[in-house]
file target_31.cif (mmCIF, N, CA and C atoms)
data_input
#
loop_
_atom_site.label_atom_id
_atom_site.label_comp_id
_atom_site.auth_asym_id
_atom_site.auth_seq_id
_atom_site.Cartn_x
_atom_site.Cartn_y
_atom_site.Cartn_z
N MET A 1049 -6.49 1.96 11.44
CA MET A 1049 -7.94 2.06 11.29
C MET A 1049 -8.25 2.96 10.10
N ALA A 1050 -9.23 2.56 9.32
CA ALA A 1050 -9.63 3.33 8.14
C ALA A 1050 -10.31 4.62 8.54
N PHE A 1051 -10.36 5.55 7.63
CA PHE A 1051 -11.01 6.84 7.84
C PHE A 1051 -11.69 7.26 6.55
N ASP A 1052 -12.57 8.22 6.65
CA ASP A 1052 -13.28 8.74 5.49
C ASP A 1052 -12.28 9.54 4.64
N PRO A 1053 -12.12 9.20 3.36
CA PRO A 1053 -11.14 9.91 2.53
C PRO A 1053 -11.47 11.39 2.31
N ARG A 1054 -12.71 11.79 2.62
CA ARG A 1054 -13.07 13.21 2.51
C ARG A 1054 -12.66 14.00 3.76
N ASP A 1055 -12.22 13.29 4.79
CA ASP A 1055 -11.79 13.91 6.04
C ASP A 1055 -10.33 14.37 5.87
N VAL A 1056 -10.15 15.59 5.41
CA VAL A 1056 -8.82 16.10 5.07
C VAL A 1056 -7.87 16.05 6.28
N PRO A 1057 -8.27 16.50 7.48
CA PRO A 1057 -7.34 16.40 8.61
C PRO A 1057 -6.90 14.96 8.90
N ALA A 1058 -7.80 13.98 8.76
CA ALA A 1058 -7.43 12.58 8.98
C ALA A 1058 -6.47 12.10 7.89
N PHE A 1059 -6.72 12.51 6.65
CA PHE A 1059 -5.84 12.18 5.53
C PHE A 1059 -4.44 12.74 5.77
N VAL A 1060 -4.38 14.00 6.16
CA VAL A 1060 -3.10 14.66 6.42
C VAL A 1060 -2.36 13.96 7.56
N ASP A 1061 -3.06 13.65 8.64
CA ASP A 1061 -2.44 12.95 9.77
C ASP A 1061 -1.88 11.60 9.32
N PHE A 1062 -2.63 10.87 8.50
CA PHE A 1062 -2.18 9.56 8.02
C PHE A 1062 -0.90 9.70 7.19
N VAL A 1063 -0.89 10.64 6.25
CA VAL A 1063 0.28 10.84 5.40
C VAL A 1063 1.49 11.23 6.25
N ARG A 1064 1.29 12.14 7.18
CA ARG A 1064 2.41 12.57 8.02
C ARG A 1064 2.94 11.44 8.88
N ALA A 1065 2.07 10.58 9.36
CA ALA A 1065 2.51 9.44 10.18
C ALA A 1065 3.29 8.43 9.33
N GLU A 1066 2.86 8.21 8.11
CA GLU A 1066 3.53 7.25 7.22
C GLU A 1066 4.83 7.82 6.66
N ALA A 1067 4.79 9.07 6.22
CA ALA A 1067 5.96 9.84 5.76
C ALA A 1067 6.62 9.30 4.48
N GLN A 1068 6.05 8.29 3.87
CA GLN A 1068 6.59 7.81 2.60
C GLN A 1068 5.50 7.09 1.82
N GLY A 1069 5.75 6.96 0.54
CA GLY A 1069 4.79 6.26 -0.29
C GLY A 1069 5.40 5.95 -1.64
N VAL A 1070 4.65 5.24 -2.44
CA VAL A 1070 5.08 4.89 -3.78
C VAL A 1070 4.36 5.81 -4.75
N VAL A 1071 5.13 6.48 -5.60
CA VAL A 1071 4.53 7.32 -6.64
C VAL A 1071 4.72 6.62 -7.99
N ALA A 1072 3.70 6.68 -8.80
CA ALA A 1072 3.75 6.10 -10.13
C ALA A 1072 3.47 7.19 -11.16
N THR A 1073 4.34 7.26 -12.15
CA THR A 1073 4.21 8.25 -13.22
C THR A 1073 4.18 7.51 -14.56
N VAL A 1074 3.93 8.26 -15.62
CA VAL A 1074 3.83 7.69 -16.96
C VAL A 1074 5.02 8.18 -17.78
N SER A 1075 5.79 7.23 -18.32
CA SER A 1075 6.95 7.60 -19.15
C SER A 1075 6.47 8.16 -20.49
N PRO A 1076 7.35 8.85 -21.21
CA PRO A 1076 6.96 9.36 -22.53
C PRO A 1076 6.50 8.26 -23.49
N SER A 1077 6.95 7.01 -23.28
CA SER A 1077 6.51 5.91 -24.14
C SER A 1077 5.20 5.30 -23.65
N GLY A 1078 4.68 5.79 -22.49
CA GLY A 1078 3.43 5.28 -21.96
C GLY A 1078 3.59 4.20 -20.92
N ALA A 1079 4.82 3.84 -20.58
CA ALA A 1079 5.06 2.80 -19.59
C ALA A 1079 4.90 3.36 -18.18
N PRO A 1080 4.36 2.56 -17.26
CA PRO A 1080 4.28 3.01 -15.86
C PRO A 1080 5.65 2.88 -15.20
N GLU A 1081 5.97 3.82 -14.32
CA GLU A 1081 7.21 3.77 -13.56
C GLU A 1081 6.89 4.19 -12.13
N ALA A 1082 7.38 3.41 -11.16
CA ALA A 1082 7.07 3.66 -9.76
C ALA A 1082 8.33 3.80 -8.94
N ALA A 1083 8.23 4.56 -7.83
CA ALA A 1083 9.37 4.76 -6.94
C ALA A 1083 8.87 5.09 -5.54
N LEU A 1084 9.62 4.64 -4.55
CA LEU A 1084 9.34 4.98 -3.16
C LEU A 1084 9.97 6.33 -2.85
N VAL A 1085 9.19 7.24 -2.24
CA VAL A 1085 9.69 8.57 -1.90
C VAL A 1085 9.18 8.99 -0.53
N GLY A 1086 9.85 9.94 0.07
CA GLY A 1086 9.33 10.59 1.26
C GLY A 1086 8.26 11.58 0.83
N ILE A 1087 7.14 11.62 1.56
CA ILE A 1087 6.03 12.48 1.17
C ILE A 1087 5.58 13.32 2.37
N ALA A 1088 5.47 14.61 2.15
CA ALA A 1088 4.94 15.54 3.15
C ALA A 1088 3.51 15.88 2.77
N ALA A 1089 2.70 16.23 3.77
CA ALA A 1089 1.32 16.65 3.54
C ALA A 1089 1.11 18.03 4.14
N LEU A 1090 0.53 18.92 3.36
CA LEU A 1090 0.16 20.24 3.86
C LEU A 1090 -1.22 20.14 4.50
N ASP A 1091 -1.58 21.13 5.27
CA ASP A 1091 -2.85 21.10 6.00
C ASP A 1091 -4.07 20.96 5.09
N ASP A 1092 -3.96 21.42 3.83
CA ASP A 1092 -5.10 21.35 2.90
C ASP A 1092 -5.15 20.03 2.12
N GLY A 1093 -4.21 19.10 2.40
CA GLY A 1093 -4.19 17.82 1.72
C GLY A 1093 -3.27 17.76 0.51
N THR A 1094 -2.65 18.87 0.17
CA THR A 1094 -1.67 18.87 -0.90
C THR A 1094 -0.48 18.04 -0.46
N LEU A 1095 0.07 17.24 -1.38
CA LEU A 1095 1.25 16.42 -1.09
C LEU A 1095 2.47 17.04 -1.74
N VAL A 1096 3.63 16.86 -1.10
CA VAL A 1096 4.89 17.40 -1.62
C VAL A 1096 5.97 16.34 -1.47
N PHE A 1097 6.78 16.16 -2.51
CA PHE A 1097 7.98 15.34 -2.38
C PHE A 1097 9.09 15.95 -3.22
N ASP A 1098 10.30 15.51 -2.95
CA ASP A 1098 11.43 15.99 -3.75
C ASP A 1098 12.07 14.82 -4.48
N THR A 1099 12.80 15.14 -5.52
CA THR A 1099 13.51 14.12 -6.31
C THR A 1099 14.62 14.81 -7.07
N LEU A 1100 15.59 14.06 -7.49
CA LEU A 1100 16.61 14.63 -8.35
C LEU A 1100 15.94 15.20 -9.60
N ALA A 1101 16.36 16.36 -10.03
CA ALA A 1101 15.73 17.02 -11.18
C ALA A 1101 15.81 16.16 -12.45
N LEU A 1102 16.80 15.29 -12.55
CA LEU A 1102 16.96 14.45 -13.73
C LEU A 1102 16.44 13.03 -13.53
N SER A 1103 15.69 12.80 -12.45
CA SER A 1103 15.14 11.46 -12.20
C SER A 1103 14.05 11.12 -13.22
N ARG A 1104 13.74 9.83 -13.31
CA ARG A 1104 12.67 9.39 -14.22
C ARG A 1104 11.35 10.06 -13.87
N LYS A 1105 11.01 10.12 -12.58
CA LYS A 1105 9.71 10.68 -12.21
C LYS A 1105 9.61 12.16 -12.58
N ALA A 1106 10.70 12.91 -12.41
CA ALA A 1106 10.68 14.32 -12.80
C ALA A 1106 10.55 14.45 -14.31
N GLU A 1107 11.33 13.68 -15.05
CA GLU A 1107 11.24 13.71 -16.51
C GLU A 1107 9.83 13.33 -16.97
N ASN A 1108 9.26 12.30 -16.36
CA ASN A 1108 7.91 11.87 -16.74
C ASN A 1108 6.89 12.97 -16.49
N LEU A 1109 6.98 13.64 -15.34
CA LEU A 1109 6.01 14.69 -15.01
C LEU A 1109 6.13 15.91 -15.91
N ARG A 1110 7.29 16.10 -16.52
CA ARG A 1110 7.43 17.19 -17.48
C ARG A 1110 6.61 16.92 -18.75
N HIS A 1111 6.35 15.64 -19.02
CA HIS A 1111 5.60 15.24 -20.22
C HIS A 1111 4.13 14.93 -19.94
N ASP A 1112 3.87 14.46 -18.73
CA ASP A 1112 2.51 14.01 -18.40
C ASP A 1112 2.32 14.22 -16.89
N HIS A 1113 1.41 15.08 -16.51
CA HIS A 1113 1.24 15.46 -15.10
C HIS A 1113 0.46 14.44 -14.28
N ARG A 1114 -0.06 13.39 -14.93
CA ARG A 1114 -0.80 12.38 -14.16
C ARG A 1114 0.13 11.62 -13.23
N ILE A 1115 -0.37 11.37 -12.02
CA ILE A 1115 0.42 10.66 -11.02
C ILE A 1115 -0.51 9.85 -10.13
N ALA A 1116 -0.02 8.71 -9.67
CA ALA A 1116 -0.74 7.91 -8.68
C ALA A 1116 0.20 7.72 -7.50
N VAL A 1117 -0.36 7.68 -6.31
CA VAL A 1117 0.43 7.55 -5.09
C VAL A 1117 -0.27 6.54 -4.19
N VAL A 1118 0.52 5.67 -3.57
CA VAL A 1118 0.01 4.78 -2.53
C VAL A 1118 0.81 5.07 -1.27
N ILE A 1119 0.10 5.39 -0.22
CA ILE A 1119 0.72 5.67 1.08
C ILE A 1119 0.19 4.63 2.06
N GLY A 1120 1.11 4.06 2.82
CA GLY A 1120 0.73 3.03 3.78
C GLY A 1120 1.15 1.67 3.29
N THR A 1121 2.44 1.39 3.33
CA THR A 1121 2.96 0.15 2.78
C THR A 1121 3.26 -0.90 3.85
N ASP A 1122 3.15 -0.54 5.13
CA ASP A 1122 3.50 -1.47 6.20
C ASP A 1122 2.32 -2.06 6.96
N GLY A 1123 1.21 -1.34 7.00
CA GLY A 1123 0.07 -1.79 7.80
C GLY A 1123 -1.08 -2.27 6.96
N ALA A 1124 -2.21 -2.46 7.61
CA ALA A 1124 -3.40 -2.94 6.92
C ALA A 1124 -4.12 -1.83 6.16
N VAL A 1125 -3.87 -0.57 6.53
CA VAL A 1125 -4.56 0.55 5.89
C VAL A 1125 -3.60 1.26 4.93
N SER A 1126 -4.10 1.52 3.73
CA SER A 1126 -3.35 2.31 2.77
C SER A 1126 -4.29 3.33 2.14
N VAL A 1127 -3.69 4.36 1.56
CA VAL A 1127 -4.45 5.37 0.84
C VAL A 1127 -3.96 5.38 -0.59
N GLN A 1128 -4.90 5.31 -1.51
CA GLN A 1128 -4.60 5.33 -2.93
C GLN A 1128 -5.06 6.68 -3.48
N ILE A 1129 -4.19 7.32 -4.23
CA ILE A 1129 -4.45 8.68 -4.71
C ILE A 1129 -4.16 8.75 -6.20
N ASP A 1130 -5.06 9.34 -6.94
CA ASP A 1130 -4.80 9.73 -8.33
C ASP A 1130 -4.85 11.25 -8.35
N GLY A 1131 -3.96 11.83 -9.12
CA GLY A 1131 -3.96 13.29 -9.17
C GLY A 1131 -3.01 13.81 -10.23
N PHE A 1132 -2.55 15.01 -9.98
CA PHE A 1132 -1.69 15.71 -10.92
C PHE A 1132 -0.46 16.21 -10.18
N GLY A 1133 0.71 15.91 -10.73
CA GLY A 1133 1.96 16.34 -10.12
C GLY A 1133 2.61 17.43 -10.95
N THR A 1134 3.08 18.46 -10.26
CA THR A 1134 3.69 19.60 -10.93
C THR A 1134 5.03 19.91 -10.30
N ILE A 1135 6.03 20.11 -11.14
CA ILE A 1135 7.32 20.59 -10.66
C ILE A 1135 7.20 22.09 -10.50
N VAL A 1136 7.42 22.58 -9.28
CA VAL A 1136 7.24 24.01 -9.02
C VAL A 1136 8.58 24.74 -9.10
N HIS A 1137 8.51 26.02 -9.44
CA HIS A 1137 9.70 26.85 -9.63
C HIS A 1137 9.54 28.17 -8.88
N GLY A 1138 10.63 28.88 -8.74
CA GLY A 1138 10.60 30.22 -8.17
C GLY A 1138 10.10 30.26 -6.74
N THR A 1139 9.20 31.21 -6.47
CA THR A 1139 8.70 31.37 -5.10
C THR A 1139 7.87 30.17 -4.66
N LEU A 1140 7.17 29.52 -5.59
CA LEU A 1140 6.42 28.31 -5.23
C LEU A 1140 7.36 27.19 -4.80
N ARG A 1141 8.50 27.08 -5.48
CA ARG A 1141 9.50 26.08 -5.10
C ARG A 1141 10.00 26.35 -3.68
N GLU A 1142 10.28 27.60 -3.38
CA GLU A 1142 10.73 27.97 -2.04
C GLU A 1142 9.66 27.66 -1.00
N GLU A 1143 8.41 27.99 -1.32
CA GLU A 1143 7.30 27.78 -0.39
C GLU A 1143 7.08 26.29 -0.12
N TYR A 1144 6.91 25.51 -1.19
CA TYR A 1144 6.63 24.09 -1.01
C TYR A 1144 7.86 23.31 -0.55
N GLY A 1145 9.02 23.69 -1.05
CA GLY A 1145 10.25 23.04 -0.58
C GLY A 1145 10.49 23.31 0.89
N GLY A 1146 10.17 24.54 1.33
CA GLY A 1146 10.28 24.87 2.76
C GLY A 1146 9.32 24.05 3.60
N ALA A 1147 8.10 23.85 3.09
CA ALA A 1147 7.11 23.03 3.81
C ALA A 1147 7.59 21.58 3.90
N TYR A 1148 8.20 21.09 2.82
CA TYR A 1148 8.76 19.73 2.83
C TYR A 1148 9.87 19.64 3.87
N ASN A 1149 10.74 20.64 3.89
CA ASN A 1149 11.85 20.66 4.85
C ASN A 1149 11.37 20.71 6.30
N GLU A 1150 10.23 21.33 6.55
CA GLU A 1150 9.69 21.36 7.91
C GLU A 1150 9.35 19.95 8.37
N GLN A 1151 8.84 19.12 7.47
CA GLN A 1151 8.47 17.75 7.83
C GLN A 1151 9.64 16.78 7.70
N PHE A 1152 10.64 17.15 6.91
CA PHE A 1152 11.83 16.32 6.71
C PHE A 1152 13.07 17.20 6.89
N PRO A 1153 13.36 17.58 8.15
CA PRO A 1153 14.53 18.44 8.39
C PRO A 1153 15.81 17.81 7.83
N GLY A 1154 16.61 18.64 7.20
CA GLY A 1154 17.85 18.17 6.62
C GLY A 1154 17.72 17.64 5.20
N SER A 1155 16.50 17.70 4.64
CA SER A 1155 16.33 17.23 3.26
C SER A 1155 17.09 18.16 2.32
N ARG A 1156 17.27 17.69 1.11
CA ARG A 1156 17.96 18.49 0.10
C ARG A 1156 16.98 19.06 -0.92
N ALA A 1157 15.72 19.18 -0.54
CA ALA A 1157 14.67 19.61 -1.47
C ALA A 1157 15.00 20.91 -2.19
N LEU A 1158 15.63 21.83 -1.51
CA LEU A 1158 15.91 23.13 -2.12
C LEU A 1158 17.30 23.24 -2.73
N ASP A 1159 18.05 22.13 -2.74
CA ASP A 1159 19.33 22.12 -3.44
C ASP A 1159 19.08 22.23 -4.94
N SER A 1160 20.01 22.82 -5.65
CA SER A 1160 19.80 23.12 -7.07
C SER A 1160 19.59 21.89 -7.94
N GLU A 1161 20.11 20.73 -7.54
CA GLU A 1161 19.95 19.54 -8.38
C GLU A 1161 18.67 18.77 -8.08
N PHE A 1162 17.85 19.31 -7.19
CA PHE A 1162 16.59 18.65 -6.83
C PHE A 1162 15.39 19.41 -7.38
N ALA A 1163 14.33 18.67 -7.63
CA ALA A 1163 13.04 19.25 -8.03
C ALA A 1163 12.06 19.05 -6.88
N VAL A 1164 11.17 20.01 -6.71
CA VAL A 1164 10.10 19.91 -5.71
C VAL A 1164 8.81 19.65 -6.49
N ILE A 1165 8.15 18.55 -6.12
CA ILE A 1165 6.93 18.13 -6.81
C ILE A 1165 5.73 18.35 -5.89
N VAL A 1166 4.70 19.00 -6.42
CA VAL A 1166 3.45 19.22 -5.69
C VAL A 1166 2.38 18.33 -6.33
N VAL A 1167 1.70 17.56 -5.49
CA VAL A 1167 0.65 16.66 -5.98
C VAL A 1167 -0.69 17.14 -5.46
N ARG A 1168 -1.60 17.38 -6.38
CA ARG A 1168 -2.97 17.75 -6.03
C ARG A 1168 -3.85 16.51 -6.24
N PRO A 1169 -4.32 15.90 -5.15
CA PRO A 1169 -5.17 14.72 -5.30
C PRO A 1169 -6.50 15.06 -5.98
N ALA A 1170 -6.87 14.23 -6.94
CA ALA A 1170 -8.17 14.37 -7.60
C ALA A 1170 -9.12 13.27 -7.14
N TRP A 1171 -8.56 12.15 -6.69
CA TRP A 1171 -9.33 10.99 -6.24
C TRP A 1171 -8.55 10.35 -5.11
N VAL A 1172 -9.25 10.04 -4.01
CA VAL A 1172 -8.62 9.42 -2.84
C VAL A 1172 -9.47 8.26 -2.39
N ARG A 1173 -8.82 7.12 -2.12
CA ARG A 1173 -9.52 5.95 -1.60
C ARG A 1173 -8.72 5.41 -0.43
N VAL A 1174 -9.41 5.10 0.65
CA VAL A 1174 -8.79 4.45 1.80
C VAL A 1174 -9.11 2.98 1.71
N TYR A 1175 -8.09 2.17 1.80
CA TYR A 1175 -8.25 0.71 1.73
C TYR A 1175 -7.81 0.11 3.06
N ASP A 1176 -8.68 -0.69 3.66
CA ASP A 1176 -8.37 -1.35 4.92
C ASP A 1176 -8.45 -2.85 4.69
N ALA A 1177 -7.27 -3.49 4.63
CA ALA A 1177 -7.21 -4.93 4.40
C ALA A 1177 -7.70 -5.70 5.61
#
call {"tool": "encode", "arguments": {"input": "target_31.cif", "output": "structure tokens"}}
result
Amino acid sequence: MAFDPRDVPAFVDFVRAEAQGVVATVSPSGAPEAALVGIAALDDGTLVFDTLALSRKAENLRHDHRIAVVIGTDGAVSVQIDGFGTIVHGTLREEYGGAYNEQFPGSRALDSEFAVIVVRPAWVRVYDA
């Protein structure tokens, strides 16, 4: 069932129930690149995912912070998000990586070869087919 995209608790519940989505980033040449990832949601609606530090999405975000995310690939309802993705370091990496690990126990988010990405949604749309 669809929900109001301004309803942050409903958005967070939806993301946590789905637990994965497709993220799209922009390559240095301007080409779109997409990948399926596990996605965690914090109580304030911030999204977090991990990826290999040398992955295309991490490299792309180092050059261009714009990101699009689609969550809800199996049912009639999906959420489309445009925002900004940032690779976090230091204490922020520990904080957000820890939050990711709470929702995905056993993840490798805090391993040295992984990057922790924080996504701040700027635009959210709920689509109910």
call {"tool": "select_by_dssp", "arguments": {"input": "target_31.cif", "residues": "chain A", "states": "strand (DSSP E)", "output": "PyMOL selection string"}}
result
chain A and resi 1068-1074+1080-1086+1088-1089+1095-1100+1114-1119+1125-1136+1162-1176
call {"tool": "residues_around", "arguments": {"input": "target_31.cif", "residues": "segment 1138-1146 of chain A", "least_positions_apart": "4", "cutoff": "7 Å", "atoms": "all atoms listed in the file", "output": "PyMOL selection string"}}
result
chain A and resi 1096+1150-1151+1157-1158+1164
call {"tool": "write_last_selection", "arguments": {"input": "target_31.cif", "atoms": "N, CA and C atoms", "output": "PDB file, in the frame of the given file"}}
result
ATOM      1  N   VAL A1096       3.630  16.860  -1.100  1.00  0.00           N
ATOM      2  CA  VAL A1096       4.890  17.400  -1.620  1.00  0.00           C
ATOM      3  C   VAL A1096       5.970  16.340  -1.470  1.00  0.00           C
ATOM      4  N   GLU A1150      10.230  21.330   6.550  1.00  0.00           N
ATOM      5  CA  GLU A1150       9.690  21.360   7.910  1.00  0.00           C
ATOM      6  C   GLU A1150       9.350  19.950   8.370  1.00  0.00           C
ATOM      7  N   GLN A1151       8.840  19.120   7.470  1.00  0.00           N
ATOM      8  CA  GLN A1151       8.470  17.750   7.830  1.00  0.00           C
ATOM      9  C   GLN A1151       9.640  16.780   7.700  1.00  0.00           C
ATOM     10  N   ALA A1157      15.720  19.180  -0.540  1.00  0.00           N
ATOM     11  CA  ALA A1157      14.670  19.610  -1.470  1.00  0.00           C
ATOM     12  C   ALA A1157      15.000  20.910  -2.190  1.00  0.00           C
ATOM     13  N   LEU A1158      15.630  21.830  -1.510  1.00  0.00           N
ATOM     14  CA  LEU A1158      15.910  23.130  -2.120  1.00  0.00           C
ATOM     15  C   LEU A1158      17.300  23.240  -2.730  1.00  0.00           C
ATOM     16  N   VAL A1164      11.170  20.010  -6.710  1.00  0.00           N
ATOM     17  CA  VAL A1164      10.100  19.910  -5.710  1.00  0.00           C
ATOM     18  C   VAL A1164       8.810  19.650  -6.490  1.00  0.00           C
TER      19      VAL A1164
END
call {"tool": "residues_around", "arguments": {"input": "target_31.cif", "residues": "Ala1067 of chain A", "least_positions_apart": "6", "cutoff": "6 Å", "atoms": "all atoms listed in the file", "output": "VMD selection string"}}
result
chain A and resid 1085 to 1088
call {"tool": "write_last_selection", "arguments": {"input": "target_31.cif", "atoms": "N, CA and C atoms", "output": "CSV table (one decimal), in the coordinates of the input"}}
result
chain,number,residue,atom,x,y,z
A,1085,VAL,N,9.2,7.2,-2.2
A,1085,VAL,CA,9.7,8.6,-1.9
A,1085,VAL,C,9.2,9.0,-0.5
A,1086,GLY,N,9.8,9.9,0.1
A,1086,GLY,CA,9.3,10.6,1.3
A,1086,GLY,C,8.3,11.6,0.8
A,1087,ILE,N,7.1,11.6,1.6
A,1087,ILE,CA,6.0,12.5,1.2
A,1087,ILE,C,5.6,13.3,2.4
A,1088,ALA,N,5.5,14.6,2.2
A,1088,ALA,CA,4.9,15.5,3.2
A,1088,ALA,C,3.5,15.9,2.8
call {"tool": "resolve_selection", "arguments": {"input": "target_31.cif", "expression": "the PyMOL selection byres (((chain A and resi 1090 and name CA) around 12) and name CA)", "output": "PyMOL selection string"}}
result
chain A and resi 1056-1064+1087-1089+1091-1097+1143-1151+1166-1169
call {"tool": "residues_around", "arguments": {"input": "target_31.cif", "residues": "Ala1116 of chain A", "least_positions_apart": "3", "cutoff": "8 Å", "atoms": "all atoms listed in the file", "output": "PyMOL selection string"}}
result
chain A and resi 1070-1074+1113+1119+1128-1133
call {"tool": "atom_distance", "arguments": {"input": "target_31.cif", "atom1": "atom N of Val1172 of chain A", "atom2": "atom C of Asp1112 of chain A"}}
result
17.8 Å
call {"tool": "select_by_dssp", "arguments": {"input": "target_31.cif", "residues": "chain A", "states": "alpha helix (DSSP H)", "output": "count of residues only"}}
result
33
call {"tool": "resolve_selection", "arguments": {"input": "target_31.cif", "expression": "the PyMOL selection byres ((chain A and resi 1162) around 8)", "output": "NGL selection string"}}
result
:A and (1098-1102 or 1156-1161 or 1163-1165)
call {"tool": "atom_distance", "arguments": {"input": "target_31.cif", "atom1": "atom N of Ala1177 of chain A", "atom2": "atom CA of Val1125 of chain A"}}
result
5.0 Å
call {"tool": "atom_distance", "arguments": {"input": "target_31.cif", "atom1": "atom C of Thr1134 of chain A", "atom2": "atom CA of Ser1103 of chain A"}}
result
13.3 Å
call {"tool": "closest_residue", "arguments": {"input": "target_31.cif", "among": "A:Gln1068, A:Arg1054, A:Gly1154, A:Tyr1175", "to": "Thr1121 of chain A", "atoms": "all atoms listed in the file"}}
result
A:Gln1068
call {"tool": "closest_residue", "arguments": {"input": "target_31.cif", "among": "A:Ser1155, A:Glu1066, A:Ser1126, A:Ala1170", "to": "Ala1050 of chain A", "atoms": "all atoms listed in the file"}}
result
A:Ser1126
call {"tool": "closest_residue", "arguments": {"input": "target_31.cif", "among": "A:Pro1153, A:Gly1069, A:Pro1076, A:Gly1123", "to": "Asn1108 of chain A", "atoms": "only N, CA and C atoms"}}
result
A:Pro1076
call {"tool": "axis_aligned_box", "arguments": {"input": "target_31.cif", "around": "segment 1074-1085 of chain A", "padding_each_side": "4 Å", "output": "AutoDock Vina command-line options"}}
result
--center_x 6.7 --center_y 6.0 --center_z -12.3 --size_x 14.5 --size_y 14.8 --size_z 31.6
call {"tool": "decode", "arguments": {"input": "target_31.cif", "residues": "segment 1111-1123 of chain A", "atoms": "N, CA and C atoms", "output": "tab-separated table (two decimals), in the first residue's frame"}}
result
chain	number	residue	atom	x	y	z
A	1111	HIS	N	33.43	11.50	-7.56
A	1111	HIS	CA	33.44	12.55	-8.59
A	1111	HIS	C	32.15	13.35	-8.66
A	1112	ASP	N	31.05	12.69	-8.31
A	1112	ASP	CA	29.74	13.33	-8.45
A	1112	ASP	C	28.83	12.73	-7.37
A	1113	HIS	N	28.37	13.54	-6.45
A	1113	HIS	CA	27.60	13.05	-5.30
A	1113	HIS	C	26.14	12.76	-5.61
A	1114	ARG	N	25.69	13.07	-6.83
A	1114	ARG	CA	24.29	12.80	-7.17
A	1114	ARG	C	24.04	11.29	-7.22
A	1115	ILE	N	22.88	10.90	-6.68
A	1115	ILE	CA	22.52	9.49	-6.66
A	1115	ILE	C	21.01	9.36	-6.76
A	1116	ALA	N	20.56	8.29	-7.40
A	1116	ALA	CA	19.14	7.95	-7.44
A	1116	ALA	C	19.00	6.54	-6.88
A	1117	VAL	N	17.91	6.30	-6.19
A	1117	VAL	CA	17.68	5.00	-5.56
A	1117	VAL	C	16.23	4.61	-5.82
A	1118	VAL	N	16.01	3.34	-6.15
A	1118	VAL	CA	14.67	2.79	-6.23
A	1118	VAL	C	14.60	1.64	-5.25
A	1119	ILE	N	13.65	1.71	-4.35
A	1119	ILE	CA	13.44	0.66	-3.35
A	1119	ILE	C	12.04	0.10	-3.58
A	1120	GLY	N	11.97	-1.23	-3.58
A	1120	GLY	CA	10.69	-1.89	-3.83
A	1120	GLY	C	10.65	-2.47	-5.21
A	1121	THR	N	11.38	-3.55	-5.42
A	1121	THR	CA	11.49	-4.14	-6.75
A	1121	THR	C	10.60	-5.36	-6.94
A	1122	ASP	N	9.94	-5.84	-5.88
A	1122	ASP	CA	9.14	-7.06	-5.99
A	1122	ASP	C	7.63	-6.84	-5.99
A	1123	GLY	N	7.17	-5.76	-5.38
A	1123	GLY	CA	5.74	-5.54	-5.25
A	1123	GLY	C	5.24	-4.42	-6.13
